[in-house]
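Asker: PDB, C-alpha atoms, saved as final_26.pdb, coming up:
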```
MODEL        1
ATOM      1  CA  MET A   1      78.030-146.026 -48.137
ATOM      2  CA  LYS A   2      81.111-144.976 -50.104
ATOM      3  CA  ARG A   3      79.604-141.638 -51.126
ATOM      4  CA  ILE A   4      78.590-140.915 -47.522
ATOM      5  CA  LEU A   5      82.137-141.588 -46.368
ATOM      6  CA  LEU A   6      83.545-139.397 -49.144
ATOM      7  CA  GLY A   7      81.142-136.637 -48.193
ATOM      8  CA  LEU A   8      82.067-136.807 -44.503
ATOM      9  CA  ILE A   9      85.783-136.797 -45.203
ATOM     10  CA  GLY A  10      85.423-133.980 -47.718
ATOM     11  CA  GLY A  11      83.343-131.923 -45.285
ATOM     12  CA  VAL A  12      85.860-132.350 -42.463
ATOM     13  CA  ILE A  13      88.736-131.394 -44.762
ATOM     14  CA  VAL A  14      86.894-128.281 -45.969
ATOM     15  CA  LEU A  15      86.239-127.248 -42.337
ATOM     16  CA  LEU A  16      89.946-127.685 -41.537
ATOM     17  CA  ALA A  17      90.819-125.557 -44.563
ATOM     18  CA  LEU A  18      88.424-122.829 -43.435
ATOM     19  CA  ALA A  19      89.890-122.913 -39.913
ATOM     20  CA  GLY A  20      93.392-122.564 -41.343
ATOM     21  CA  ALA A  21      92.315-119.655 -43.533
ATOM     22  CA  LEU A  22      90.690-117.890 -40.570
ATOM     23  CA  LEU A  23      93.792-118.409 -38.410
ATOM     24  CA  THR A  24      96.022-117.068 -41.176
ATOM     25  CA  GLY A  25      93.802-114.044 -41.708
ATOM     26  CA  TRP A  26      93.771-113.266 -37.981
ATOM     27  CA  ALA A  27      97.566-113.594 -37.688
ATOM     28  CA  PHE A  28      98.243-111.294 -40.624
ATOM     29  CA  SER A  29      95.663-108.757 -39.425
ATOM     30  CA  VAL A  30      97.387-108.593 -36.005
ATOM     31  CA  PHE A  31     101.070-109.072 -36.856
ATOM     32  CA  GLY A  32     101.124-107.817 -40.444
ATOM     33  CA  THR A  33     103.393-109.140 -43.145
ATOM     34  CA  ASP A  34     106.516-108.369 -41.098
ATOM     35  CA  GLY A  35     105.484-110.474 -38.098
ATOM     36  CA  ARG A  36     105.419-107.537 -35.696
ATOM     37  CA  TYR A  37     102.828-106.337 -33.194
ATOM     38  CA  GLU A  38     103.299-103.255 -31.022
ATOM     39  CA  VAL A  39     101.606-102.658 -27.680
ATOM     40  CA  PRO A  40     101.807 -99.099 -26.265
ATOM     41  CA  VAL A  41     103.175 -99.153 -22.714
ATOM     42  CA  ALA A  42     103.610 -95.569 -21.541
ATOM     43  CA  GLN A  43     104.318 -92.011 -22.524
ATOM     44  CA  VAL A  44     107.324 -90.678 -20.623
ATOM     45  CA  ASP A  45     107.788 -87.013 -19.776
ATOM     46  CA  VAL A  46     110.112 -86.441 -16.820
ATOM     47  CA  GLY A  47     111.988 -83.337 -15.831
ATOM     48  CA  GLY A  48     114.961 -85.177 -14.352
ATOM     49  CA  ALA A  49     117.820 -86.870 -16.163
ATOM     50  CA  ALA A  50     116.384 -90.395 -15.991
ATOM     51  CA  LEU A  51     113.318 -92.517 -15.457
ATOM     52  CA  TYR A  52     113.937 -95.284 -12.906
ATOM     53  CA  VAL A  53     111.541 -98.263 -12.979
ATOM     54  CA  ASN A  54     112.118-101.128 -10.555
ATOM     55  CA  LEU A  55     110.768-104.590 -11.474
ATOM     56  CA  PHE A  56     109.361-103.421 -14.792
ATOM     57  CA  ASN A  57     106.979-106.021 -16.172
ATOM     58  CA  VAL A  58     105.825-106.557 -19.738
ATOM     59  CA  GLN A  59     102.635-108.572 -20.106
ATOM     60  CA  THR A  60     102.072-109.856 -23.615
ATOM     61  CA  ASP A  61      99.078-112.171 -23.448
ATOM     62  CA  THR A  62      98.759-113.795 -26.849
ATOM     63  CA  PRO A  63      97.387-117.119 -28.129
ATOM     64  CA  VAL A  64     100.507-117.581 -30.244
ATOM     65  CA  PRO A  65     102.566-120.536 -28.909
ATOM     66  CA  ASP A  66     105.729-119.803 -26.923
ATOM     67  CA  GLY A  67     108.892-119.899 -28.992
ATOM     68  CA  LEU A  68     107.411-118.219 -32.063
ATOM     69  CA  LEU A  69     107.663-114.685 -30.687
ATOM     70  CA  GLU A  70     110.325-112.542 -29.078
ATOM     71  CA  THR A  71     109.372-109.594 -26.870
ATOM     72  CA  TYR A  72     111.196-106.269 -27.076
ATOM     73  CA  VAL A  73     110.907-103.064 -25.078
ATOM     74  CA  VAL A  74     111.344-100.120 -27.441
ATOM     75  CA  ALA A  75     111.826 -96.421 -26.611
ATOM     76  CA  ARG A  76     111.125 -93.704 -29.167
ATOM     77  CA  SER A  77     112.306 -90.169 -28.645
ATOM     78  CA  ASP A  78     109.675 -87.459 -29.108
ATOM     79  CA  ASP A  79     112.221 -84.998 -30.528
ATOM     80  CA  GLY A  80     114.533 -87.432 -32.335
ATOM     81  CA  ALA A  81     117.347 -87.103 -29.776
ATOM     82  CA  PRO A  82     119.291 -90.308 -29.010
ATOM     83  CA  LEU A  83     118.050 -92.244 -25.998
ATOM     84  CA  PHE A  84     119.626 -94.774 -23.685
ATOM     85  CA  LEU A  85     117.680 -97.787 -22.442
ATOM     86  CA  GLY A  86     119.252-100.201 -19.977
ATOM     87  CA  VAL A  87     118.592-102.764 -17.254
ATOM     88  CA  GLY A  88     120.851-103.207 -14.246
ATOM     89  CA  GLU A  89     120.886-104.398 -10.663
ATOM     90  CA  GLN A  90     119.244-102.022  -8.233
ATOM     91  CA  GLU A  91     122.344-101.252  -6.163
ATOM     92  CA  ALA A  92     124.491-100.586  -9.226
ATOM     93  CA  VAL A  93     121.861 -98.319 -10.792
ATOM     94  CA  GLN A  94     121.424 -96.330  -7.588
ATOM     95  CA  ASP A  95     125.183 -95.854  -7.312
ATOM     96  CA  PHE A  96     125.282 -94.682 -10.929
ATOM     97  CA  LEU A  97     122.459 -92.168 -10.355
ATOM     98  CA  LEU A  98     123.815 -90.904  -7.026
ATOM     99  CA  GLY A  99     123.524 -87.105  -7.075
ATOM    100  CA  VAL A 100     121.606 -87.125 -10.371
ATOM    101  CA  PRO A 101     118.034 -85.761 -10.403
ATOM    102  CA  TYR A 102     115.730 -88.490 -11.651
ATOM    103  CA  GLU A 103     112.189 -89.764 -11.260
ATOM    104  CA  ALA A 104     111.384 -93.142  -9.737
ATOM    105  CA  ALA A 105     108.249 -94.843 -11.001
ATOM    106  CA  SER A 106     105.940 -96.421  -8.444
ATOM    107  CA  GLU A 107     103.001 -97.386 -10.660
ATOM    108  CA  LEU A 108     101.984 -97.696 -14.282
ATOM    109  CA  ALA A 109      98.326 -97.142 -15.120
ATOM    110  CA  GLY A 110      96.563 -95.912 -18.227
ATOM    111  CA  GLY A 111      99.807 -95.506 -20.128
ATOM    112  CA  THR A 112     101.309 -93.139 -17.549
ATOM    113  CA  PHE A 113     103.908 -93.721 -14.852
ATOM    114  CA  THR A 114     103.230 -92.365 -11.387
ATOM    115  CA  THR A 115     106.619 -91.055 -10.292
ATOM    116  CA  ARG A 116     108.310 -89.349  -7.380
ATOM    117  CA  PRO A 117     111.239 -86.996  -7.942
ATOM    118  CA  VAL A 118     114.624 -87.888  -6.479
ATOM    119  CA  PRO A 119     116.561 -84.597  -6.115
ATOM    120  CA  GLY A 120     120.109 -84.085  -7.302
ATOM    121  CA  LEU A 121     122.457 -81.528  -8.788
ATOM    122  CA  LYS A 122     124.626 -83.660 -11.081
ATOM    123  CA  VAL A 123     123.488 -82.656 -14.582
ATOM    124  CA  PRO A 124     124.292 -83.911 -17.077
ATOM    125  CA  ALA A 125     124.345 -87.423 -15.651
ATOM    126  CA  PRO A 126     127.390 -89.660 -16.195
ATOM    127  CA  ASP A 127     127.598 -91.247 -19.625
ATOM    128  CA  PRO A 128     125.403 -94.381 -19.359
ATOM    129  CA  VAL A 129     127.034 -96.007 -22.383
ATOM    130  CA  ASP A 130     130.416 -96.146 -20.625
ATOM    131  CA  ALA A 131     128.979 -97.722 -17.472
ATOM    132  CA  GLY A 132     129.870-101.400 -17.379
ATOM    133  CA  PHE A 133     127.215-102.818 -15.083
ATOM    134  CA  TRP A 134     124.218-102.991 -17.435
ATOM    135  CA  ALA A 135     122.836-106.480 -17.995
ATOM    136  CA  VAL A 136     121.397-105.317 -21.329
ATOM    137  CA  SER A 137     121.414-101.871 -22.918
ATOM    138  CA  ALA A 138     120.766-100.054 -26.170
ATOM    139  CA  VAL A 139     121.268 -96.514 -27.450
ATOM    140  CA  GLY A 140     119.840 -94.587 -30.402
ATOM    141  CA  GLU A 141     116.703 -92.831 -31.578
ATOM    142  CA  GLN A 142     114.770 -96.079 -31.104
ATOM    143  CA  PRO A 143     116.743 -98.274 -28.693
ATOM    144  CA  ARG A 144     115.204-101.656 -28.001
ATOM    145  CA  LEU A 145     115.910-104.472 -25.593
ATOM    146  CA  VAL A 146     115.034-108.135 -25.878
ATOM    147  CA  TRP A 147     112.823-108.609 -22.840
ATOM    148  CA  THR A 148     113.058-111.658 -20.589
ATOM    149  CA  GLU A 149     111.906-112.512 -17.068
ATOM    150  CA  GLN A 150     115.494-111.992 -15.916
ATOM    151  CA  ASN A 151     115.443-108.409 -17.203
ATOM    152  CA  GLY A 152     112.177-107.839 -15.361
ATOM    153  CA  ALA A 153     113.931-108.624 -12.069
ATOM    154  CA  GLY A 154     116.199-105.581 -12.437
ATOM    155  CA  VAL A 155     115.806-101.825 -12.798
ATOM    156  CA  LEU A 156     114.853-100.324 -16.147
ATOM    157  CA  VAL A 157     116.455 -96.940 -16.827
ATOM    158  CA  LEU A 158     115.495 -94.557 -19.619
ATOM    159  CA  MET A 159     117.727 -91.525 -20.218
ATOM    160  CA  ASN A 160     118.826 -89.122 -22.864
ATOM    161  CA  ALA A 161     122.012 -90.580 -24.300
ATOM    162  CA  ASP A 162     123.947 -87.409 -23.391
ATOM    163  CA  GLY A 163     122.687 -87.483 -19.783
ATOM    164  CA  SER A 164     120.785 -84.205 -20.094
ATOM    165  CA  ALA A 165     117.654 -83.477 -18.081
ATOM    166  CA  GLY A 166     114.174 -83.673 -19.582
ATOM    167  CA  VAL A 167     113.337 -87.102 -21.009
ATOM    168  CA  GLN A 168     110.427 -87.252 -23.421
ATOM    169  CA  ALA A 169     109.735 -90.537 -25.126
ATOM    170  CA  SER A 170     107.235 -93.326 -25.627
ATOM    171  CA  LEU A 171     107.715 -96.903 -24.477
ATOM    172  CA  THR A 172     106.212 -99.810 -26.376
ATOM    173  CA  ALA A 173     106.333-103.582 -26.107
ATOM    174  CA  THR A 174     106.915-105.184 -29.488
ATOM    175  CA  LEU A 175     106.155-108.812 -30.295
ATOM    176  CA  GLU A 176     108.156-109.906 -33.296
ATOM    177  CA  SER A 177     108.896-113.107 -35.161
ATOM    178  CA  PRO A 178     109.855-113.573 -38.809
ATOM    179  CA  ARG A 179     109.187-117.287 -38.228
ATOM    180  CA  LEU A 180     105.535-116.504 -37.556
ATOM    181  CA  VAL A 181     105.129-115.165 -41.087
ATOM    182  CA  GLN A 182     106.754-118.282 -42.502
ATOM    183  CA  VAL A 183     104.486-120.507 -40.434
ATOM    184  CA  MET A 184     101.377-118.597 -41.470
ATOM    185  CA  VAL A 185     102.327-118.759 -45.149
ATOM    186  CA  ALA A 186     102.758-122.517 -44.789
ATOM    187  CA  VAL A 187      99.376-122.778 -43.041
ATOM    188  CA  ALA A 188      97.768-120.730 -45.830
ATOM    189  CA  VAL A 189      99.236-122.987 -48.538
ATOM    190  CA  VAL A 190      98.141-126.128 -46.709
ATOM    191  CA  SER A 191      94.665-124.634 -46.202
ATOM    192  CA  VAL A 192      94.311-123.976 -49.929
ATOM    193  CA  LEU A 193      95.413-127.524 -50.766
ATOM    194  CA  LEU A 194      93.059-128.976 -48.172
ATOM    195  CA  GLY A 195      90.225-126.826 -49.548
ATOM    196  CA  ILE A 196      90.834-128.154 -53.041
ATOM    197  CA  LEU A 197      91.020-131.758 -51.817
ATOM    198  CA  GLY A 198      87.864-131.366 -49.731
ATOM    199  CA  ALA A 199      85.993-129.811 -52.657
ATOM    200  CA  VAL A 200      87.050-132.678 -54.937
ATOM    201  CA  LEU A 201      85.873-135.278 -52.428
ATOM    202  CA  LEU A 202      82.548-133.506 -51.944
ATOM    203  CA  ALA A 203      82.090-133.262 -55.728
ATOM    204  CA  ARG A 204      82.779-136.985 -56.123
ATOM    205  CA  ALA A 205      80.311-137.768 -53.370
ATOM    206  CA  LEU A 206      77.635-135.673 -55.076
ATOM    207  CA  ARG A 207      78.335-137.276 -58.462
ATOM    208  CA  SER A 208      78.088-140.711 -56.896
ATOM    209  CA  ASP A 209      74.763-139.714 -55.390
ATOM    210  CA  ASP A 210      73.458-138.486 -58.762
ATOM    211  CA  GLY A 211      74.613-141.702 -60.454
ATOM    212  CA  ALA A 212      72.841-143.792 -57.866
ATOM    213  CA  ARG A 213      69.552-141.895 -58.420
ATOM    214  CA  HIS A 214      69.592-142.452 -62.200
ATOM    215  CA  ARG A 215      70.023-146.188 -62.064
TER     216      ARG A 215
ENDMDL
END
```
Re-express the file's structure as structure tokens.

Answerer:
Amino acid sequence: MKRILLGLIGGVIVLLALAGALLTGWAFSVFGTDGRYEVPVAQVDVGGAALYVNLFNVQTDTPVPDGLLETYVVARSDDGAPLFLGVGEQEAVQDFLLGVPYEAASELAGGTFTTRPVPGLKVPAPDPVDAGFWAVSAVGEQPRLVWTEQNGAGVLVLMNADGSAGVQASLTATLESPRLVQVMVAVAVVSVLLGILGAVLLARALRSDDGARHR
């Protein structure tokens, strides 16, 4: 009876160790050793001075529990020129872009925005960095914003940092968490220890079985 119990416990522990190893392998294959996973959103190529996206939504379906990951929206310039990325209230953004030629997005499908041009003659656009109404903003060759549901309720604006016309960039959603790497390392260590313990228990059960046969 004792050897059967040892064998059952050892088998369950080995299965738990294998499950932990599989989970760790999946997490590292998806998020890498830096805890980061990028999802392409859209390629932007507009002739105006800005891309205007109302109620921009980032969907990041993932089995990773909430709280382990932060979501960012990242813009990367195609030619290395500094970009501006910001979120503001609709009325404030429209006032800021008054007279500026820009393109308003109506749909995102297949990595491309469907846009309609809003005419204007004010080029370059006013300096977006100096505008004080942005809820969140970033500027640089790869500006990125921490994305929350509150940001999704506003207007996302992508511009060249100098306000010039012709915006060419890619938008990605990035899931990132250094804590995830730490958690996965801990899971991997525990899985190894459980594997060793399960193997020891199974070995003892088999030895007990052999001893019983030779009596």

Asker: Residues picked by the PyMOL selection byres ((chain A and resi 12-26) around 7) here, as a compact mmCIF listing (two decimals) with C-alpha atoms, keeping the file's coordinate frame?

Answerer:
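Listing of result18.txt after writing:
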```
# COMPACT_ATOMS: atom_id res chain seq x y z
CA LEU A 8 82.07 -136.81 -44.50
CA ILE A 9 85.78 -136.80 -45.20
CA GLY A 10 85.42 -133.98 -47.72
CA GLY A 11 83.34 -131.92 -45.28
CA ALA A 27 97.57 -113.59 -37.69
CA PHE A 28 98.24 -111.29 -40.62
CA SER A 29 95.66 -108.76 -39.42
CA VAL A 30 97.39 -108.59 -36.01
CA MET A 184 101.38 -118.60 -41.47
CA VAL A 187 99.38 -122.78 -43.04
CA ALA A 188 97.77 -120.73 -45.83
CA SER A 191 94.66 -124.63 -46.20
CA VAL A 192 94.31 -123.98 -49.93
CA LEU A 194 93.06 -128.98 -48.17
CA GLY A 195 90.22 -126.83 -49.55
CA GLY A 198 87.86 -131.37 -49.73
CA ALA A 199 85.99 -129.81 -52.66
```

Asker: Using all atoms listed in the file, which of A:Gln94, A:Gln168, A:Gln142, A:Ser77 sits nearest A:Val46?

Answerer: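 Among the listed residues, the smallest separation from A:Val46 belongs to A:Gln168.
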
Asker: List the neighbours of A:Gly154 out to 9 Å using all atoms listed in the file; skip same-chain residues closer than 2 positions along the sequence, and give me the result as JSON, numbers by chain.

Answerer: {"A": [53, 54, 55, 56, 87, 88, 89, 90, 135, 150, 151, 152, 156]}

Asker: Would you write out those residues with C-alpha atoms, as a PDB file, in the frame of the given file?

Answerer:
```pdb
ATOM      1  CA  VAL A  53     111.541 -98.263 -12.979  1.00  0.00           C
ATOM      2  CA  ASN A  54     112.118-101.128 -10.555  1.00  0.00           C
ATOM      3  CA  LEU A  55     110.768-104.590 -11.474  1.00  0.00           C
ATOM      4  CA  PHE A  56     109.361-103.421 -14.792  1.00  0.00           C
ATOM      5  CA  VAL A  87     118.592-102.764 -17.254  1.00  0.00           C
ATOM      6  CA  GLY A  88     120.851-103.207 -14.246  1.00  0.00           C
ATOM      7  CA  GLU A  89     120.886-104.398 -10.663  1.00  0.00           C
ATOM      8  CA  GLN A  90     119.244-102.022  -8.233  1.00  0.00           C
ATOM      9  CA  ALA A 135     122.836-106.480 -17.995  1.00  0.00           C
ATOM     10  CA  GLN A 150     115.494-111.992 -15.916  1.00  0.00           C
ATOM     11  CA  ASN A 151     115.443-108.409 -17.203  1.00  0.00           C
ATOM     12  CA  GLY A 152     112.177-107.839 -15.361  1.00  0.00           C
ATOM     13  CA  LEU A 156     114.853-100.324 -16.147  1.00  0.00           C
TER      14      LEU A 156
END
```

Asker: Which residues come within 12 Å of A:Asn160, counting all atoms listed in the file, excluding same-chain residues fewer than 2 positions away, as a PyMOL selection string?

Answerer: chain A and resi 44-51+75-86+102+123-129+138-143+157-158+162-169

Asker: Quote the spacing between atom CA of A:Ser137 and atom CA of A:Arg36 in Å to one decimal place.

Answerer: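 Separation between atom CA of A:Ser137 and atom CA of A:Arg36: 21.2 Å.
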
Asker: Just so the selection is clear, what residues does the PyMOL selection byres ((chain A and resi 109-117) around 9) cover here, as a ChimeraX atom specification?

Answerer: /A:40-44,46-48,51-52,101-108,118-119

Asker: Mind pulling up the distance from atom CA of A:Gly35 to atom CA of A:Arg179?

Answerer: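 Atom-to-atom, atom CA of A:Arg179 to atom CA of A:Gly35, that is 7.8 Å.
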
Asker: Which polymer residues, whether protein, DNA or RNA, lie within 6 Å of the coordinate (124.2, -88.0, -11.7) when you count only C-alpha atoms? List them as a list in words, using the chain letters and numbers from the file.

Answerer: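 Here the neighbourhood of the point contains Leu97, Leu98, Gly99, Val100, Lys122, Ala125 and Pro126 of chain A.
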
Asker: One number please: atom CA of A:Gly132 to atom CA of A:Leu69, in Å, one decimal.

Answerer: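 Taking atom CA of A:Gly132 and atom CA of A:Leu69, their separation equals 29.1 Å.
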
Asker: So which one's closest to A:Glu91, A:Phe133, A:Glu38, A:Ile4, A:Leu201? Using all atoms listed in the file, please.

Answerer: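 Under the stated criterion, the closest residue is A:Phe133.
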
Asker: Report as a ChimeraX atom specification the full result of the PyMOL selection byres ((chain A and resi 39) around 12) when it is applied to this structure.

Answerer: /A:30-31,36-38,40-42,58-62,71-74,111,170-176

Asker: How big is the axis-aligned box around all listed atoms of stretch 93-111 of chain A once 4 Å goes on each side, and where's its centre, in Å to one decimal, as AutoDock Vina command-line options?

Answerer:
```
--center_x 110.9 --center_y -92.0 --center_z -13.6 --size_x 36.7 --size_y 20.6 --size_z 21.1
```
